[in-house]
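Notes to accompany the following structure.
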Amino acid sequence: MSKGRAESAAGAPGIILRYLQEQNRPYSAQDVFGNLQREHGLGKAAVVKALEQLAQQGKIKEKMYGKQKIYFADQDQFDTVSDADLQGLDAKIVTLTAKVQSLQQGCRYMEAELKELTSALTTPEMQKEIQELKKECAGYRERLKNIKAATNHVTPEEKEQVYRERQKYCKEWRKRKRMATELSDAILEGYPKSKKQFFPGEGHEPEYRAQGVSPAWMVVMLVSSSRFQLLELNAYNNAEGRHLAMFIVI
(Lines give C-alpha, C1' and ligand atoms only; values in the text may rest on other atoms or scores of the structure.)
Protein backbone atom coordinates (compact mmCIF):
# COMPACT_ATOMS: atom_id res chain seq x y z
CA MET A 1 0.00 0.00 0.00
CA SER A 2 1.38 3.41 -0.93
CA LYS A 3 2.02 6.10 1.66
CA GLY A 4 -0.89 8.26 0.40
CA ARG A 5 -3.30 5.34 0.40
CA ALA A 6 -2.20 4.39 3.91
CA GLU A 7 -2.82 7.91 5.17
CA SER A 8 -6.28 7.93 3.57
CA ALA A 9 -7.11 4.58 5.16
CA ALA A 10 -6.00 5.88 8.55
CA GLY A 11 -8.25 8.91 8.26
CA ALA A 12 -11.17 6.99 6.75
CA PRO A 13 -13.22 6.67 9.99
CA GLY A 14 -13.22 10.43 10.57
CA ILE A 15 -14.04 11.19 6.93
CA ILE A 16 -16.88 8.67 6.82
CA LEU A 17 -18.32 9.71 10.19
CA ARG A 18 -18.40 13.36 9.14
CA TYR A 19 -19.99 12.42 5.79
CA LEU A 20 -22.76 10.34 7.38
CA GLN A 21 -23.54 13.08 9.90
CA GLU A 22 -23.70 15.77 7.21
CA GLN A 23 -25.90 13.72 4.89
CA ASN A 24 -27.96 12.11 7.69
CA ARG A 25 -29.34 9.36 5.50
CA PRO A 26 -28.69 5.60 5.22
CA TYR A 27 -25.95 4.30 2.94
CA SER A 28 -24.51 0.93 2.06
CA ALA A 29 -20.75 0.36 2.06
CA GLN A 30 -20.79 0.45 -1.74
CA ASP A 31 -22.61 3.83 -1.73
CA VAL A 32 -20.10 5.35 0.69
CA PHE A 33 -17.20 4.01 -1.35
CA GLY A 34 -18.63 5.34 -4.61
CA ASN A 35 -19.33 8.81 -3.15
CA LEU A 36 -15.96 9.30 -1.41
CA GLN A 37 -13.56 7.44 -3.68
CA ARG A 38 -12.89 10.26 -6.14
CA GLU A 39 -12.61 13.06 -3.57
CA HIS A 40 -10.62 11.24 -0.85
CA GLY A 41 -9.13 8.27 -2.70
CA LEU A 42 -10.49 5.67 -0.28
CA GLY A 43 -10.36 1.99 -1.15
CA LYS A 44 -13.37 -0.24 -0.71
CA ALA A 45 -11.67 -2.41 1.91
CA ALA A 46 -10.77 0.67 3.94
CA VAL A 47 -14.36 1.95 3.71
CA VAL A 48 -15.84 -1.38 4.88
CA LYS A 49 -13.35 -1.60 7.73
CA ALA A 50 -14.01 1.99 8.84
CA LEU A 51 -17.79 1.49 8.81
CA GLU A 52 -17.55 -1.67 10.90
CA GLN A 53 -15.22 0.09 13.31
CA LEU A 54 -17.56 3.06 13.71
CA ALA A 55 -20.53 0.74 14.22
CA GLN A 56 -18.67 -1.19 16.94
CA GLN A 57 -17.77 2.07 18.66
CA GLY A 58 -21.43 3.12 18.62
CA LYS A 59 -20.76 6.28 16.61
CA ILE A 60 -23.04 5.11 13.76
CA LYS A 61 -25.87 2.62 13.51
CA GLU A 62 -25.85 -0.56 11.48
CA LYS A 63 -28.87 -2.52 10.23
CA MET A 64 -29.31 -5.58 8.03
CA TYR A 65 -31.65 -5.38 5.04
CA GLY A 66 -31.63 -8.84 3.55
CA LYS A 67 -27.99 -9.67 2.86
CA GLN A 68 -26.89 -6.03 2.83
CA LYS A 69 -25.77 -3.85 5.70
CA ILE A 70 -27.00 -0.27 5.93
CA TYR A 71 -25.14 2.41 7.89
CA PHE A 72 -26.45 5.77 9.12
CA ALA A 73 -25.63 8.39 11.73
CA ASP A 74 -26.80 7.92 15.32
CA GLN A 75 -30.03 9.90 15.56
CA ASP A 76 -29.64 10.45 19.32
CA GLN A 77 -26.99 13.08 18.70
CA PHE A 78 -29.46 15.28 16.80
CA ASP A 79 -31.97 17.57 18.47
CA THR A 80 -35.61 16.62 18.34
CA VAL A 81 -37.42 18.55 15.61
CA SER A 82 -40.92 19.81 16.35
CA ASP A 83 -43.77 19.97 13.85
CA ALA A 84 -43.34 23.71 13.60
CA ASP A 85 -39.68 23.26 12.69
CA LEU A 86 -40.64 20.69 10.06
CA GLN A 87 -43.16 23.07 8.56
CA GLY A 88 -40.55 25.79 8.51
CA LEU A 89 -38.12 23.47 6.71
CA ASP A 90 -40.83 22.52 4.20
CA ALA A 91 -41.52 26.19 3.50
CA LYS A 92 -37.81 26.81 3.08
CA ILE A 93 -37.60 23.91 0.63
CA VAL A 94 -40.47 25.35 -1.42
CA THR A 95 -38.78 28.76 -1.53
CA LEU A 96 -35.43 27.31 -2.53
CA THR A 97 -37.07 25.10 -5.18
CA ALA A 98 -38.76 28.12 -6.75
CA LYS A 99 -35.45 29.98 -6.69
CA VAL A 100 -33.69 27.09 -8.38
CA GLN A 101 -36.34 26.96 -11.11
CA SER A 102 -36.02 30.70 -11.68
CA LEU A 103 -32.25 30.43 -11.96
CA GLN A 104 -32.54 27.50 -14.36
CA GLN A 105 -34.93 29.47 -16.57
CA GLY A 106 -32.52 32.42 -16.54
CA CYS A 107 -29.69 30.08 -17.54
CA ARG A 108 -31.75 28.79 -20.48
CA TYR A 109 -32.42 32.35 -21.66
CA MET A 110 -28.74 33.23 -21.43
CA GLU A 111 -27.73 30.04 -23.25
CA ALA A 112 -30.15 30.88 -26.08
CA GLU A 113 -28.80 34.43 -26.28
CA LEU A 114 -25.22 33.15 -26.28
CA LYS A 115 -26.04 30.73 -29.08
CA GLU A 116 -27.62 33.51 -31.13
CA LEU A 117 -24.64 35.81 -30.60
CA THR A 118 -22.20 33.03 -31.45
CA SER A 119 -23.94 32.32 -34.77
CA ALA A 120 -24.21 36.03 -35.70
CA LEU A 121 -21.73 37.72 -38.02
CA THR A 122 -18.80 39.54 -36.52
CA THR A 123 -18.24 43.25 -37.20
CA PRO A 124 -15.57 42.63 -39.92
CA GLU A 125 -17.82 40.03 -41.55
CA MET A 126 -20.77 42.43 -41.54
CA GLN A 127 -18.63 45.20 -43.05
CA LYS A 128 -17.51 42.83 -45.80
CA GLU A 129 -21.11 41.76 -46.45
CA ILE A 130 -22.20 45.42 -46.71
CA GLN A 131 -19.47 46.17 -49.27
CA GLU A 132 -20.51 43.17 -51.38
CA LEU A 133 -24.18 44.24 -51.27
CA LYS A 134 -23.27 47.79 -52.30
CA LYS A 135 -21.27 46.44 -55.21
CA GLU A 136 -24.19 44.24 -56.26
CA CYS A 137 -26.62 47.17 -56.06
CA ALA A 138 -24.31 49.29 -58.21
CA GLY A 139 -24.32 46.58 -60.86
CA TYR A 140 -28.11 46.44 -60.84
CA ARG A 141 -28.34 50.23 -61.17
CA GLU A 142 -26.00 50.18 -64.18
CA ARG A 143 -28.02 47.42 -65.78
CA LEU A 144 -31.28 49.30 -65.19
CA LYS A 145 -29.75 52.44 -66.67
CA ASN A 146 -28.75 50.59 -69.85
CA ILE A 147 -32.21 49.07 -70.18
CA LYS A 148 -33.90 52.44 -69.86
CA ALA A 149 -31.50 53.98 -72.40
CA ALA A 150 -32.25 51.33 -75.05
CA THR A 151 -34.41 52.33 -78.03
CA ASN A 152 -35.69 48.92 -79.08
CA HIS A 153 -38.30 48.56 -76.36
CA VAL A 154 -41.23 46.24 -76.99
CA THR A 155 -44.57 47.94 -76.64
CA PRO A 156 -47.33 46.31 -74.58
CA GLU A 157 -49.33 45.78 -77.78
CA GLU A 158 -46.46 43.95 -79.45
CA LYS A 159 -45.90 41.85 -76.35
CA GLU A 160 -49.57 40.91 -76.20
CA GLN A 161 -49.51 40.00 -79.92
CA VAL A 162 -46.52 37.69 -79.37
CA TYR A 163 -48.30 35.99 -76.46
CA ARG A 164 -51.46 35.49 -78.56
CA GLU A 165 -49.53 34.01 -81.46
CA ARG A 166 -47.62 31.71 -79.16
CA GLN A 167 -50.86 30.52 -77.59
CA LYS A 168 -52.37 29.94 -81.03
CA TYR A 169 -49.41 27.92 -82.30
CA CYS A 170 -49.13 25.91 -79.10
CA LYS A 171 -52.80 25.03 -79.32
CA GLU A 172 -52.40 23.95 -82.94
CA TRP A 173 -49.27 21.99 -82.10
CA ARG A 174 -51.03 20.08 -79.29
CA LYS A 175 -53.95 19.35 -81.60
CA ARG A 176 -51.78 17.95 -84.37
CA LYS A 177 -49.62 16.04 -81.91
CA ARG A 178 -52.75 14.35 -80.55
CA MET A 179 -53.87 13.48 -84.08
CA ALA A 180 -50.46 12.05 -84.94
CA THR A 181 -50.46 9.98 -81.74
CA GLU A 182 -53.92 8.58 -82.44
CA LEU A 183 -52.95 7.68 -86.02
CA SER A 184 -49.68 6.04 -85.04
CA ASP A 185 -51.42 4.07 -82.27
CA ALA A 186 -54.04 2.86 -84.76
CA ILE A 187 -51.32 1.71 -87.16
CA LEU A 188 -49.30 0.07 -84.38
CA GLU A 189 -52.27 -2.14 -83.49
CA GLY A 190 -51.67 -4.13 -86.67
CA TYR A 191 -47.97 -3.46 -87.15
CA PRO A 192 -45.93 -6.66 -86.78
CA LYS A 193 -42.88 -4.98 -85.25
CA SER A 194 -42.15 -2.84 -82.22
CA LYS A 195 -42.89 0.86 -81.86
CA LYS A 196 -39.16 1.60 -81.93
CA GLN A 197 -38.84 -0.08 -85.32
CA PHE A 198 -41.98 1.68 -86.55
CA PHE A 199 -40.43 5.13 -86.15
CA PRO A 200 -37.24 5.77 -88.14
CA GLY A 201 -34.08 7.00 -86.50
CA GLU A 202 -33.33 10.70 -86.14
CA GLY A 203 -31.73 12.26 -89.20
CA HIS A 204 -33.40 10.02 -91.79
CA GLU A 205 -36.54 12.09 -92.39
CA PRO A 206 -35.64 13.59 -95.81
CA GLU A 207 -34.60 10.22 -97.18
CA TYR A 208 -37.83 8.43 -96.19
CA ARG A 209 -35.73 5.29 -96.02
CA ALA A 210 -34.20 5.01 -99.43
CA GLN A 211 -35.18 1.36 -99.50
CA GLY A 212 -38.84 1.93 -98.63
CA VAL A 213 -41.43 4.39 -97.27
CA SER A 214 -41.96 4.49 -93.50
CA PRO A 215 -45.64 4.34 -92.42
CA ALA A 216 -44.83 6.53 -89.41
CA TRP A 217 -43.36 9.31 -91.52
CA MET A 218 -46.35 9.23 -93.85
CA VAL A 219 -48.57 9.88 -90.81
CA VAL A 220 -46.37 12.68 -89.49
CA MET A 221 -46.06 14.24 -92.91
CA LEU A 222 -49.82 14.27 -93.47
CA VAL A 223 -50.71 15.51 -90.00
CA SER A 224 -48.13 18.29 -90.27
CA SER A 225 -49.76 19.59 -93.45
CA SER A 226 -51.24 23.07 -93.31
CA ARG A 227 -54.45 21.94 -95.04
CA PHE A 228 -57.18 19.65 -93.80
CA GLN A 229 -58.74 17.12 -96.13
CA LEU A 230 -59.78 13.48 -96.38
CA LEU A 231 -56.90 11.38 -97.65
CA GLU A 232 -56.21 7.70 -98.07
CA LEU A 233 -52.94 6.61 -96.52
CA ASN A 234 -51.18 4.02 -98.67
CA ALA A 235 -47.78 3.18 -97.19
CA TYR A 236 -45.91 0.39 -98.90
CA ASN A 237 -42.75 -1.01 -97.37
CA ASN A 238 -40.66 -2.57 -100.13
CA ALA A 239 -38.35 -4.41 -97.73
CA GLU A 240 -41.18 -6.21 -95.94
CA GLY A 241 -43.65 -6.38 -98.79
CA ARG A 242 -46.42 -5.13 -96.53
CA HIS A 243 -49.18 -2.72 -97.58
CA LEU A 244 -50.96 -0.49 -95.04
CA ALA A 245 -54.08 1.39 -96.11
CA MET A 246 -56.41 3.53 -94.03
CA PHE A 247 -58.49 6.72 -94.29
CA ILE A 248 -57.43 9.62 -92.08
CA VAL A 249 -58.77 13.13 -91.57
CA ILE A 250 -56.13 15.83 -91.28
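In the C-alpha coordinates, each chain is lettered A, B, ... as it comes, each chain's residues begin at 1, and ligands are numbered from 1 in order of appearance.
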
Select from range 43-159 of chain A every residue with an atom at most 8 Å from any atom of range 12-34 of chain A, then for each give the shortest pair of atoms and their distance in Å to one decimal, using only C-alpha atoms, rows by chain and rising number, as JSON lines.
{"residue": "A:Gly43", "atom": "CA", "partner": "A:Phe33", "partner_atom": "CA", "distance": 7.1}
{"residue": "A:Lys44", "atom": "CA", "partner": "A:Phe33", "partner_atom": "CA", "distance": 5.8}
{"residue": "A:Ala46", "atom": "CA", "partner": "A:Ala12", "partner_atom": "CA", "distance": 6.9}
{"residue": "A:Val47", "atom": "CA", "partner": "A:Phe33", "partner_atom": "CA", "distance": 6.2}
{"residue": "A:Val48", "atom": "CA", "partner": "A:Ala29", "partner_atom": "CA", "distance": 5.9}
{"residue": "A:Ala50", "atom": "CA", "partner": "A:Pro13", "partner_atom": "CA", "distance": 4.9}
{"residue": "A:Leu51", "atom": "CA", "partner": "A:Pro13", "partner_atom": "CA", "distance": 7.0}
{"residue": "A:Gln53", "atom": "CA", "partner": "A:Pro13", "partner_atom": "CA", "distance": 7.6}
{"residue": "A:Leu54", "atom": "CA", "partner": "A:Pro13", "partner_atom": "CA", "distance": 6.8}
{"residue": "A:Lys59", "atom": "CA", "partner": "A:Leu17", "partner_atom": "CA", "distance": 7.7}
{"residue": "A:Ile60", "atom": "CA", "partner": "A:Leu17", "partner_atom": "CA", "distance": 7.5}
{"residue": "A:Gln68", "atom": "CA", "partner": "A:Ser28", "partner_atom": "CA", "distance": 7.4}
{"residue": "A:Lys69", "atom": "CA", "partner": "A:Ser28", "partner_atom": "CA", "distance": 6.1}
{"residue": "A:Ile70", "atom": "CA", "partner": "A:Ser28", "partner_atom": "CA", "distance": 4.8}
{"residue": "A:Tyr71", "atom": "CA", "partner": "A:Tyr27", "partner_atom": "CA", "distance": 5.4}
{"residue": "A:Phe72", "atom": "CA", "partner": "A:Pro26", "partner_atom": "CA", "distance": 4.5}
{"residue": "A:Ala73", "atom": "CA", "partner": "A:Gln21", "partner_atom": "CA", "distance": 5.5}

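In the backbone-derived DSSP annotation, strand (DSSP E) within range 16-243 of chain A comprises Tyr27, Ser28, Ile60, Lys61, Glu62, Lys63, Met64, Tyr65, Gln68, Lys69, Ile70, Tyr71, Phe72, Ala73, Leu230, Leu231, Glu232, Leu233, Asn234, Ala235, Tyr236, Asn237, Arg242 and His243 of chain A.
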
Rounded to one decimal place, report the CA of Glu182 in chain A-CA of Lys195 in chain A distance in Å.
-> 13.5 Å
